[in-house]
Structure formats: structure tokens, C-alpha cells
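> Just one file: run34.txt, with compact mmCIF, C-alpha atoms.
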```
# COMPACT_ATOMS: atom_id res chain seq x y z
CA ASP Z 15 -7.00 -9.19 14.30
CA LYS Z 16 -4.43 -11.35 16.23
CA MET Z 17 -3.42 -13.19 13.03
CA LEU Z 18 -0.49 -13.42 10.64
CA ARG Z 19 -0.78 -13.91 6.90
CA ILE Z 20 1.75 -15.01 4.28
CA TRP Z 21 1.49 -13.40 0.86
CA ASP Z 22 2.86 -14.13 -2.59
CA ALA Z 23 5.31 -11.30 -3.31
CA THR Z 24 4.64 -11.51 -7.06
CA THR Z 25 0.87 -11.65 -7.14
CA GLY Z 26 -0.05 -10.11 -3.81
CA GLN Z 27 -2.35 -13.04 -3.14
CA PRO Z 28 -2.51 -14.78 0.25
CA ILE Z 29 -0.75 -18.12 0.66
CA GLY Z 30 -2.66 -20.57 2.84
CA GLN Z 31 -4.93 -19.72 5.70
CA PRO Z 32 -4.47 -17.00 8.34
CA ILE Z 33 -2.02 -18.05 11.07
CA LYS Z 34 -3.68 -18.04 14.46
CA GLY Z 35 -2.23 -18.42 17.92
CA HIS Z 36 -1.71 -15.02 19.49
CA GLN Z 37 -4.28 -13.71 21.96
CA SER Z 38 -3.90 -10.04 21.01
CA TRP Z 39 -2.51 -7.74 18.31
CA VAL Z 40 0.55 -8.89 16.40
CA ARG Z 41 2.96 -5.93 16.49
CA SER Z 42 6.01 -7.24 14.66
CA VAL Z 43 7.09 -10.08 12.36
CA ALA Z 44 10.37 -11.30 10.89
CA PHE Z 45 11.54 -14.13 8.63
CA SER Z 46 14.54 -16.20 9.66
CA PRO Z 47 17.56 -15.70 7.37
CA ASP Z 48 16.96 -19.08 5.69
CA GLY Z 49 13.26 -18.29 5.16
CA ARG Z 50 12.10 -21.43 6.98
CA HIS Z 51 10.72 -19.79 10.11
CA ILE Z 52 8.62 -16.77 10.98
CA LEU Z 53 8.88 -14.86 14.24
CA SER Z 54 6.09 -12.75 15.71
CA GLY Z 55 5.71 -10.47 18.72
CA SER Z 56 2.37 -9.60 20.22
CA ASP Z 57 0.46 -7.48 22.70
CA ASP Z 58 -0.19 -10.75 24.56
CA ASN Z 59 3.40 -10.29 25.88
CA THR Z 60 4.71 -13.32 23.97
CA LEU Z 61 6.80 -14.21 20.93
CA ARG Z 62 6.02 -17.16 18.70
CA ILE Z 63 7.99 -19.07 16.08
CA TRP Z 64 6.13 -20.55 13.11
CA ASP Z 65 6.95 -22.94 10.29
CA ALA Z 66 6.92 -20.75 7.18
CA ALA Z 67 5.90 -23.65 4.93
CA THR Z 68 2.93 -24.86 6.98
CA GLY Z 69 2.03 -21.89 9.18
CA LYS Z 70 2.09 -24.21 12.19
CA PRO Z 71 3.57 -23.06 15.50
CA ILE Z 72 6.96 -24.40 16.55
CA GLY Z 73 7.02 -24.96 20.27
CA GLN Z 74 5.12 -23.02 22.89
CA PRO Z 75 4.67 -19.26 23.18
CA ILE Z 76 7.90 -17.62 24.35
CA LYS Z 77 7.24 -15.85 27.62
CA GLY Z 78 9.38 -13.47 29.62
CA HIS Z 79 8.32 -9.92 28.83
CA GLN Z 80 5.97 -8.25 31.27
CA ASN Z 81 4.28 -6.06 28.67
CA PRO Z 82 3.51 -6.16 24.92
CA VAL Z 83 6.30 -7.13 22.53
CA ARG Z 84 6.76 -4.26 20.09
CA SER Z 85 9.64 -5.42 17.86
CA VAL Z 86 11.39 -8.68 16.96
CA ALA Z 87 14.41 -9.69 14.88
CA PHE Z 88 16.47 -12.77 14.00
CA SER Z 89 20.25 -12.66 14.20
CA PRO Z 90 21.99 -12.98 10.80
CA ASP Z 91 22.92 -16.60 11.53
CA GLY Z 92 19.36 -17.39 12.64
CA ARG Z 93 20.47 -18.79 15.99
CA ARG Z 94 19.25 -15.98 18.22
CA ILE Z 95 16.15 -13.85 18.53
CA LEU Z 96 15.96 -10.27 19.75
CA SER Z 97 12.86 -8.61 21.16
CA GLY Z 98 11.96 -5.15 22.43
CA SER Z 99 9.01 -4.52 24.69
CA PHE Z 100 6.77 -1.97 26.34
CA ASP Z 101 8.33 -3.19 29.61
CA ASN Z 102 11.33 -1.00 28.61
CA THR Z 103 13.66 -4.01 28.13
CA LEU Z 104 15.25 -6.01 25.35
CA ARG Z 105 15.71 -9.77 25.53
CA ILE Z 106 17.81 -12.26 23.60
CA TRP Z 107 16.46 -15.78 23.08
CA ASP Z 108 17.79 -19.06 21.72
CA ALA Z 109 15.93 -19.55 18.43
CA ALA Z 110 16.12 -23.34 18.68
CA THR Z 111 14.75 -23.68 22.20
CA GLY Z 112 12.90 -20.42 22.83
CA LYS Z 113 14.80 -20.09 26.10
CA PRO Z 114 16.14 -16.70 27.24
CA ILE Z 115 19.86 -16.02 26.94
CA GLY Z 116 20.87 -13.93 29.92
CA GLN Z 117 18.78 -11.47 31.86
CA PRO Z 118 16.49 -8.73 30.54
CA ILE Z 119 18.59 -5.93 29.03
CA LYS Z 120 17.91 -2.62 30.66
CA GLY Z 121 19.00 0.85 29.60
CA HIS Z 122 15.97 2.56 28.10
CA GLN Z 123 13.60 4.62 30.23
CA ASN Z 124 10.54 4.04 28.03
CA PRO Z 125 9.17 1.29 25.76
CA VAL Z 126 11.59 -0.26 23.26
CA LEU Z 127 9.86 0.30 19.93
CA SER Z 128 12.35 -1.06 17.39
CA VAL Z 129 15.26 -3.51 17.37
CA THR Z 130 17.64 -4.92 14.77
CA PHE Z 131 20.93 -6.83 14.56
CA SER Z 132 23.98 -5.52 12.72
CA PRO Z 133 24.79 -7.46 9.53
CA ASP Z 134 27.71 -9.25 11.23
CA GLY Z 135 25.59 -10.16 14.26
CA LYS Z 136 28.07 -8.66 16.72
CA ARG Z 137 25.89 -5.73 17.74
CA PHE Z 138 22.26 -4.84 17.93
CA LEU Z 139 20.44 -1.54 17.87
CA SER Z 140 17.36 -0.31 19.69
CA GLY Z 141 15.09 2.72 19.44
CA SER Z 142 12.83 3.80 22.27
CA GLY Z 143 10.08 6.05 23.47
CA ASP Z 144 12.75 7.84 25.50
CA LYS Z 145 13.84 9.52 22.19
CA MET Z 146 17.15 7.66 22.23
CA LEU Z 147 18.91 4.91 20.31
CA ARG Z 148 21.37 2.51 21.90
CA ILE Z 149 23.97 0.15 20.42
CA TRP Z 150 24.60 -3.08 22.34
CA ASP Z 151 27.18 -5.86 22.34
CA ALA Z 152 25.30 -8.92 21.08
CA THR Z 153 27.47 -11.31 23.10
CA THR Z 154 27.36 -9.61 26.48
CA GLY Z 155 24.18 -7.54 26.22
CA GLN Z 156 26.14 -4.53 27.47
CA PRO Z 157 25.72 -1.07 25.95
CA ILE Z 158 28.39 0.22 23.58
CA GLY Z 159 29.01 3.90 24.15
CA GLN Z 160 26.51 6.44 25.36
CA PRO Z 161 22.84 6.74 24.41
CA ILE Z 162 22.42 8.35 20.99
CA THR Z 163 20.31 11.47 21.07
CA GLY Z 164 19.01 13.81 18.42
CA HIS Z 165 15.36 12.97 17.85
CA GLU Z 166 12.71 15.12 19.50
CA SER Z 167 10.24 12.27 20.03
CA SER Z 168 10.02 8.47 20.19
CA VAL Z 169 12.32 6.45 17.93
CA SER Z 170 9.95 4.05 16.21
CA ALA Z 171 12.13 2.43 13.53
CA VAL Z 172 15.80 1.44 13.13
CA ALA Z 173 17.80 -0.27 10.38
CA PHE Z 174 21.48 -1.00 9.67
CA SER Z 175 23.00 -0.44 6.24
CA PRO Z 176 24.08 -3.68 4.51
CA ASP Z 177 27.76 -2.95 5.24
CA GLY Z 178 27.02 -2.16 8.90
CA LYS Z 179 28.74 1.25 8.73
CA ARG Z 180 25.58 3.34 9.06
CA PHE Z 181 22.15 3.02 10.53
CA LEU Z 182 18.83 4.74 10.06
CA SER Z 183 16.25 5.87 12.56
CA GLY Z 184 12.69 7.01 12.06
CA SER Z 185 10.79 8.96 14.68
CA PHE Z 186 7.45 10.25 15.85
CA ASP Z 187 9.05 13.69 15.26
CA LYS Z 188 8.39 13.04 11.52
CA THR Z 189 12.09 12.88 10.64
CA ILE Z 190 14.64 10.28 9.60
CA ARG Z 191 18.27 10.39 10.64
CA ILE Z 192 21.40 8.65 9.34
CA TRP Z 193 24.10 7.82 11.88
CA ASP Z 194 27.70 6.63 11.83
CA ALA Z 195 27.60 3.15 13.38
CA ALA Z 196 31.16 3.38 14.70
CA THR Z 197 30.81 6.72 16.49
CA GLY Z 198 27.05 7.14 17.00
CA GLN Z 199 27.34 10.61 15.48
CA PRO Z 200 24.72 11.93 13.05
CA ILE Z 201 25.54 12.11 9.35
CA GLY Z 202 24.00 15.25 7.95
CA GLN Z 203 20.85 16.99 9.13
CA PRO Z 204 17.48 15.46 10.05
CA ILE Z 205 15.71 14.28 6.90
CA LYS Z 206 12.32 15.91 6.53
CA GLY Z 207 9.49 15.21 4.15
CA HIS Z 208 6.85 13.16 5.93
CA LYS Z 209 3.89 15.02 7.40
CA GLU Z 210 3.28 12.53 10.22
CA MET Z 211 5.34 10.14 12.35
CA VAL Z 212 7.78 7.80 10.60
CA LEU Z 213 6.92 4.20 11.42
CA SER Z 214 9.31 2.12 9.31
CA VAL Z 215 12.70 2.44 7.57
CA VAL Z 216 14.80 0.04 5.51
CA PHE Z 217 17.93 0.22 3.33
CA SER Z 218 18.04 -1.14 -0.21
CA PRO Z 219 20.24 -4.26 -0.56
CA ASP Z 220 23.07 -2.22 -2.11
CA GLY Z 221 22.84 0.50 0.54
CA THR Z 222 22.47 3.37 -1.94
CA ARG Z 223 18.83 4.10 -1.15
CA PHE Z 224 16.40 3.72 1.71
CA LEU Z 225 12.66 3.60 2.05
CA SER Z 226 10.42 5.04 4.74
CA GLY Z 227 6.79 4.51 5.69
CA SER Z 228 4.75 7.03 7.63
CA ALA Z 229 1.45 7.62 9.38
CA ASP Z 230 0.82 10.19 6.63
CA GLN Z 231 -0.08 7.10 4.54
CA THR Z 232 2.86 7.46 2.17
CA LEU Z 233 6.16 5.78 1.43
CA GLN Z 234 9.17 7.74 0.26
CA LEU Z 235 12.36 6.57 -1.44
CA TRP Z 236 15.53 8.49 -0.52
CA ASP Z 237 19.12 8.79 -1.72
CA ALA Z 238 21.25 7.39 1.11
CA ALA Z 239 24.25 9.55 0.22
CA THR Z 240 22.46 12.89 0.09
CA GLY Z 241 19.31 12.31 2.14
CA LYS Z 242 17.30 13.78 -0.73
CA PRO Z 243 13.99 12.26 -1.85
CA ILE Z 244 13.92 10.23 -5.04
CA GLY Z 245 10.69 10.93 -6.89
CA GLN Z 246 7.35 11.75 -5.32
CA PRO Z 247 5.79 10.17 -2.22
CA ILE Z 248 4.26 6.79 -2.99
CA THR Z 249 0.56 6.55 -2.22
CA GLY Z 250 -2.06 3.89 -2.60
```
As C-alpha cells, what does this structure read like?


Amino acid sequence: DKMLRIWDATTGQPIGQPIKGHQSWVRSVAFSPDGRHILSGSDDNTLRIWDAATGKPIGQPIKGHQNPVRSVAFSPDGRRILSGSFDNTLRIWDAATGKPIGQPIKGHQNPVLSVTFSPDGKRFLSGSGDKMLRIWDATTGQPIGQPITGHESSVSAVAFSPDGKRFLSGSFDKTIRIWDAATGQPIGQPIKGHKEMVLSVVFSPDGTRFLSGSADQTLQLWDAATGKPIGQPITG
């Protein structure tokens, strides 16, 4: 509906009014590390930064992508912004000014569907419709190593472990994979359990578990060491 909403995490009730400003679907949102700002990416090809306390926009829409913005992330220090787009590129932006840092980052052959920074901010990770993941140097924007392959369809979700030693990927092929962040090699076999595409993955703060969300309308909690499900799928 082109809007963002802030919710009370305890009560589930909305806080304030809907946040308006985008001209099309809002595909991705992220809080800044200090919780003061909100970042959004939209099908209107722009990113926007918002004041988390007031819901008011900070500055003008951030323009540079030629197609919808599918995924956004703040760097751990909050000084940079990362975006991935249906124009097949990633971009880094100055969070204070909204200005681009460097040129568009090219390397994927299809839309960039998910992006995230490593916990130390030195690398970032992308997943794409080309079925591949790539690790990048956050300072230079250059790829680190070769493309990471293993999924049989689009990579729709990525997440680093809190210690930065592993990362997760979720795919339209209905599986989740765990990877060694130093080598790009898979850890164990593809993790199966969802009946439809995996759309979101995240590690627990202590890195011992992870959570996935799927188009099968369920969430599933998993043991990060074994890749085994913990309990039944969560519905509702």
C-alpha cells in the first residue's frame, strides 16, 4: 500500500500514523543500529530515510537505481547504506548525505534480491535471481572470491551469523543453506522442510538457532549446528 508502519513489539499495536512518501510498493525496511532512523526501499526505484521517532522523512528520496529496490541494509556503524535492485546492481550510499559512494556494483546477472553487511562491516553479502551469492569488500566494492553456487533457484534471503563466520541463504528452491564465510563452501546439506519458497532468514543473537519464513505461510526455527528443525512449523 506504499506505506510503512511502526509497531509496538510488546503489544503488537501500531505506533503513530502510517508513514507515507513512496510512490509504489515498499519492498524492504531496516532500522539503523542506534534505532534512530529507518531505511526503506521501494518499487519506485528509490530509497528513503525516516526519523524513527516522528516518522518524518530525512532528506529527499535517494535516487540512482534504474529499477525497483528489493533489499536495503545499514552498515553496523550506521554510516553507510547498502541496496540491491532489480537493475542487477548493488549500491553503497552515505547514510548522512544520501549520496552514492562509488559506482554501481556489478557482478550479478539477474536482480539482486537480498543484501546484508557482515557484523564487522568489512564485507557485504548479496543473493540474486541468478541463483548465486557473492561476498564483496565493503571498502572497495570488489568481489571476494568466486560466485557461490549451490541453490537451484533464486536466492531470496541472506544473513550473517553474529560472529561473522557463517552465513545463511534462503531460496525459491524451498531450501536453506549454511555457508562458511571464509571459504564460501557449504556446511552440510541443503536444509529442507518448507513446502514453498523461502523468503526470509535470520540468526538468533547467540548464533545457535535461526528462523526462516516461507511462502508456505509458516515460520520454522532451526538448530544452527545440526540444521534440524526445532519444534513444529509456526503458523498463524

> Counting only C-alpha atoms, what is within 6 Å of Ser140 of chain Z, bar same-chain residues fewer than 2 positions away, as a ChimeraX atom specification?

/Z:128-129,147-148

> Can you tell me which residues surround segment 30-46 of chain Z at a distance of at most 9 Å, considering only C-alpha atoms, apart from same-chain residues fewer than 6 positions away, and format the answer as a ChimeraX atom specification?

/Z:15-21,52-62,64,66,68-71,75,82-92

> If I take atom CA of Val169 of chain Z and atom CA of Ser183 of chain Z, how far is one from the other in Å, to one decimal?

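Taking atom CA of Val169 of chain Z as the start and atom CA of Ser183 of chain Z as the end point, the length is 6.7 Å.
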
> Could you check how far atom CA of Arg137 of chain Z sits from atom CA of Phe217 of chain Z, in Å to one decimal?

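A separation of 17.5 Å between them.
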
> Do you know which residues lie at most 12 Å from (1.7, 5.8, -0.4), with coordinates as in the file and all atoms listed in the file counted, and could you write them as a list in words?

His208, Leu225, Ser226, Gly227, Ser228, Ala229, Asp230, Gln231, Thr232, Leu233, Gln234, Leu235, Gln246, Pro247, Ile248, Thr249 and Gly250 of chain Z

> Let's have the selection written as a PDB file, in the frame of the given file, with C-alpha atoms.


```
ATOM      1  CA  HIS Z 208       6.850  13.160   5.930  1.00  0.00           C
ATOM      2  CA  LEU Z 225      12.660   3.600   2.050  1.00  0.00           C
ATOM      3  CA  SER Z 226      10.420   5.040   4.740  1.00  0.00           C
ATOM      4  CA  GLY Z 227       6.790   4.510   5.690  1.00  0.00           C
ATOM      5  CA  SER Z 228       4.750   7.030   7.630  1.00  0.00           C
ATOM      6  CA  ALA Z 229       1.450   7.620   9.380  1.00  0.00           C
ATOM      7  CA  ASP Z 230       0.820  10.190   6.630  1.00  0.00           C
ATOM      8  CA  GLN Z 231      -0.080   7.100   4.540  1.00  0.00           C
ATOM      9  CA  THR Z 232       2.860   7.460   2.170  1.00  0.00           C
ATOM     10  CA  LEU Z 233       6.160   5.780   1.430  1.00  0.00           C
ATOM     11  CA  GLN Z 234       9.170   7.740   0.260  1.00  0.00           C
ATOM     12  CA  LEU Z 235      12.360   6.570  -1.440  1.00  0.00           C
ATOM     13  CA  GLN Z 246       7.350  11.750  -5.320  1.00  0.00           C
ATOM     14  CA  PRO Z 247       5.790  10.170  -2.220  1.00  0.00           C
ATOM     15  CA  ILE Z 248       4.260   6.790  -2.990  1.00  0.00           C
ATOM     16  CA  THR Z 249       0.560   6.550  -2.220  1.00  0.00           C
ATOM     17  CA  GLY Z 250      -2.060   3.890  -2.600  1.00  0.00           C
TER      18      GLY Z 250
END
```

> Using atom CA of Leu213 of chain Z and atom CA of Ser185 of chain Z as the two end points, give the distance in Å to one decimal.

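Result for atom CA of Leu213 of chain Z versus atom CA of Ser185 of chain Z: 6.9 Å, one decimal.
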
> Taking 3 positions as the minimum chain separation for residues in the same chain, which residues sit within 7 Å of Asp194 of chain Z when counting all atoms listed in the file? Answer as JSON, numbers by chain.

{"Z": [179, 180, 181, 197, 198, 199, 200, 201]}

> Which protein, DNA or RNA residues are at most 10 Å from (14.7, -21.4, 24.5) in the file's coordinates when you count only C-alpha atoms, listed as an MDAnalysis selection string?

chainID Z and resid 73:74 76:77 94:95 106:115

> Output C-alpha atoms for every residue in the selection just made, as a compact mmCIF listing (two decimals), keeping the file's coordinate frame.


```
# COMPACT_ATOMS: atom_id res chain seq x y z
CA GLY Z 73 7.02 -24.96 20.27
CA GLN Z 74 5.12 -23.02 22.89
CA ILE Z 76 7.90 -17.62 24.35
CA LYS Z 77 7.24 -15.85 27.62
CA ARG Z 94 19.25 -15.98 18.22
CA ILE Z 95 16.15 -13.85 18.53
CA ILE Z 106 17.81 -12.26 23.60
CA TRP Z 107 16.46 -15.78 23.08
CA ASP Z 108 17.79 -19.06 21.72
CA ALA Z 109 15.93 -19.55 18.43
CA ALA Z 110 16.12 -23.34 18.68
CA THR Z 111 14.75 -23.68 22.20
CA GLY Z 112 12.90 -20.42 22.83
CA LYS Z 113 14.80 -20.09 26.10
CA PRO Z 114 16.14 -16.70 27.24
CA ILE Z 115 19.86 -16.02 26.94
```

> With only C-alpha atoms as the basis for distance, which of Z:Asp101, Z:Ala173, Z:Gly159, Z:Pro118 is at the shortest distance from Ser132 of chain Z?

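When distances to Ser132 of chain Z are compared using only C-alpha atoms, the smallest one comes from Z:Ala173.
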
> Can you tell me, as lines of an AutoDock Vina configuration file, the centre and edge lengths (Å, one decimal) of the axis-aligned box enclosing all of segment 102-112 of chain Z's listed atoms after padding each side by 6 Å?


```
center_x = 14.6
center_y = -12.3
center_z = 23.5
size_x = 18.5
size_y = 34.7
size_z = 22.2
```

> Kindly indicate which residue among Z:Thr130, Z:Asn102, Z:Gln117, Z:Thr163 lies nearest to Val215 of chain Z, using all atoms listed in the file for the distances.

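Ranked by minimum distance to Val215 of chain Z, first place goes to Z:Thr130.
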
> So which one's closest to Gly135 of chain Z, Z:Pro28, Z:Pro157, Z:Gly241, Z:Pro176? Using all atoms listed in the file, please.

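Smallest separation from Gly135 of chain Z among the options: Z:Pro176.
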
> From the options Z:Ala239, Z:Ile158, Z:Ala171, Z:Ala195, which residue's atoms come nearest to Val212 of chain Z, counting all atoms listed in the file?

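The shortest atom-to-atom distance to Val212 of chain Z comes from Z:Ala171.
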
> Using only C-alpha atoms for the distances, tell me which of Z:Lys209, Z:Arg191, Z:His122, Z:His51 is nearest to Phe224 of chain Z.

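The answer is Z:Arg191, which sits nearest to Phe224 of chain Z.
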
> Would you mind exporting segment 125-164 of chain Z with N, CA and C atoms, as a CSV table (one decimal), in the first residue's frame?


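Saved as result_25.csv:
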```
chain,number,residue,atom,x,y,z
Z,125,PRO,N,18.3,-9.9,-11.0
Z,125,PRO,CA,18.0,-9.0,-9.9
Z,125,PRO,C,18.7,-9.4,-8.6
Z,126,VAL,N,19.1,-8.4,-7.8
Z,126,VAL,CA,19.7,-8.6,-6.5
Z,126,VAL,C,18.6,-8.6,-5.5
Z,127,LEU,N,18.3,-9.7,-4.9
Z,127,LEU,CA,17.1,-9.9,-4.1
Z,127,LEU,C,17.3,-9.7,-2.6
Z,128,SER,N,18.6,-9.8,-2.1
Z,128,SER,CA,18.8,-9.7,-0.7
Z,128,SER,C,20.3,-9.2,-0.5
Z,129,VAL,N,20.5,-8.3,0.5
Z,129,VAL,CA,21.8,-7.8,0.8
Z,129,VAL,C,21.9,-7.7,2.4
Z,130,THR,N,23.2,-7.9,2.8
Z,130,THR,CA,23.4,-7.6,4.3
Z,130,THR,C,24.9,-7.4,4.5
Z,131,PHE,N,25.3,-6.6,5.5
Z,131,PHE,CA,26.6,-6.4,5.9
Z,131,PHE,C,27.1,-7.5,6.8
Z,132,SER,N,28.4,-7.8,6.9
Z,132,SER,CA,29.0,-8.7,7.9
Z,132,SER,C,29.0,-7.9,9.2
Z,133,PRO,N,29.0,-8.6,10.3
Z,133,PRO,CA,29.0,-7.9,11.6
Z,133,PRO,C,30.1,-6.9,11.8
Z,134,ASP,N,31.3,-7.1,11.2
Z,134,ASP,CA,32.3,-6.2,11.4
Z,134,ASP,C,32.3,-5.0,10.3
Z,135,GLY,N,31.4,-5.1,9.4
Z,135,GLY,CA,31.2,-4.1,8.4
Z,135,GLY,C,32.3,-4.1,7.3
Z,136,LYS,N,33.1,-5.1,7.3
Z,136,LYS,CA,34.2,-5.1,6.3
Z,136,LYS,C,33.8,-5.8,5.0
Z,137,ARG,N,32.7,-6.6,5.0
Z,137,ARG,CA,32.2,-7.3,3.9
Z,137,ARG,C,30.7,-7.1,3.8
Z,138,PHE,N,30.2,-7.3,2.6
Z,138,PHE,CA,28.7,-7.5,2.5
Z,138,PHE,C,28.4,-8.6,1.6
Z,139,LEU,N,27.2,-9.1,1.7
Z,139,LEU,CA,26.8,-10.3,1.0
Z,139,LEU,C,25.5,-10.0,0.2
Z,140,SER,N,25.4,-10.7,-1.0
Z,140,SER,CA,24.2,-10.5,-1.8
Z,140,SER,C,23.7,-11.8,-2.3
Z,141,GLY,N,22.4,-11.9,-2.5
Z,141,GLY,CA,21.8,-13.1,-3.1
Z,141,GLY,C,21.0,-12.6,-4.3
Z,142,SER,N,20.9,-13.4,-5.4
Z,142,SER,CA,20.4,-12.9,-6.6
Z,142,SER,C,19.5,-13.9,-7.3
Z,143,GLY,N,18.7,-13.4,-8.3
Z,143,GLY,CA,17.9,-14.3,-9.1
Z,143,GLY,C,18.7,-15.1,-10.1
Z,144,ASP,N,20.1,-14.9,-10.1
Z,144,ASP,CA,20.9,-15.8,-10.9
Z,144,ASP,C,21.4,-17.0,-10.2
Z,145,LYS,N,20.7,-17.3,-9.0
Z,145,LYS,CA,20.9,-18.5,-8.2
Z,145,LYS,C,22.2,-18.4,-7.4
Z,146,MET,N,22.9,-17.3,-7.4
Z,146,MET,CA,24.2,-17.2,-6.8
Z,146,MET,C,24.3,-16.2,-5.6
Z,147,LEU,N,25.2,-16.4,-4.7
Z,147,LEU,CA,25.6,-15.5,-3.7
Z,147,LEU,C,26.9,-14.9,-4.0
Z,148,ARG,N,27.2,-13.7,-3.6
Z,148,ARG,CA,28.5,-13.1,-3.7
Z,148,ARG,C,28.9,-12.4,-2.5
Z,149,ILE,N,30.2,-12.5,-2.1
Z,149,ILE,CA,30.7,-11.7,-1.0
Z,149,ILE,C,31.6,-10.6,-1.6
Z,150,TRP,N,31.5,-9.4,-1.0
Z,150,TRP,CA,32.1,-8.2,-1.5
Z,150,TRP,C,32.9,-7.5,-0.4
Z,151,ASP,N,34.0,-6.8,-0.9
Z,151,ASP,CA,34.8,-6.0,0.0
Z,151,ASP,C,34.0,-4.7,0.2
Z,152,ALA,N,33.7,-4.3,1.4
Z,152,ALA,CA,32.8,-3.2,1.7
Z,152,ALA,C,33.5,-1.9,1.5
Z,153,THR,N,34.8,-1.9,1.4
Z,153,THR,CA,35.6,-0.7,1.2
Z,153,THR,C,35.8,-0.4,-0.3
Z,154,THR,N,36.1,-1.4,-1.1
Z,154,THR,CA,36.3,-1.2,-2.5
Z,154,THR,C,35.2,-1.6,-3.4
Z,155,GLY,N,34.2,-2.3,-2.9
Z,155,GLY,CA,33.1,-2.8,-3.7
Z,155,GLY,C,33.5,-3.9,-4.7
Z,156,GLN,N,34.7,-4.5,-4.5
Z,156,GLN,CA,35.1,-5.6,-5.4
Z,156,GLN,C,34.7,-6.9,-4.8
Z,157,PRO,N,34.4,-7.9,-5.7
Z,157,PRO,CA,34.1,-9.2,-5.2
Z,157,PRO,C,35.2,-9.9,-4.5
Z,158,ILE,N,34.9,-10.7,-3.5
Z,158,ILE,CA,35.9,-11.5,-2.8
Z,158,ILE,C,35.6,-13.0,-3.2
Z,159,GLY,N,36.5,-13.5,-3.9
Z,159,GLY,CA,36.4,-14.9,-4.4
Z,159,GLY,C,35.4,-15.0,-5.5
Z,160,GLN,N,35.1,-16.3,-5.8
Z,160,GLN,CA,34.2,-16.6,-6.9
Z,160,GLN,C,32.7,-16.6,-6.5
Z,161,PRO,N,31.8,-16.5,-7.4
Z,161,PRO,CA,30.3,-16.6,-7.1
Z,161,PRO,C,30.1,-17.9,-6.3
Z,162,ILE,N,29.2,-17.9,-5.4
Z,162,ILE,CA,28.9,-19.0,-4.6
Z,162,ILE,C,27.6,-19.7,-5.1
Z,163,THR,N,27.8,-20.9,-5.5
Z,163,THR,CA,26.7,-21.6,-6.2
Z,163,THR,C,26.3,-22.8,-5.3
Z,164,GLY,N,25.0,-23.3,-5.6
Z,164,GLY,CA,24.5,-24.4,-4.8
Z,164,GLY,C,23.0,-24.5,-4.8
```
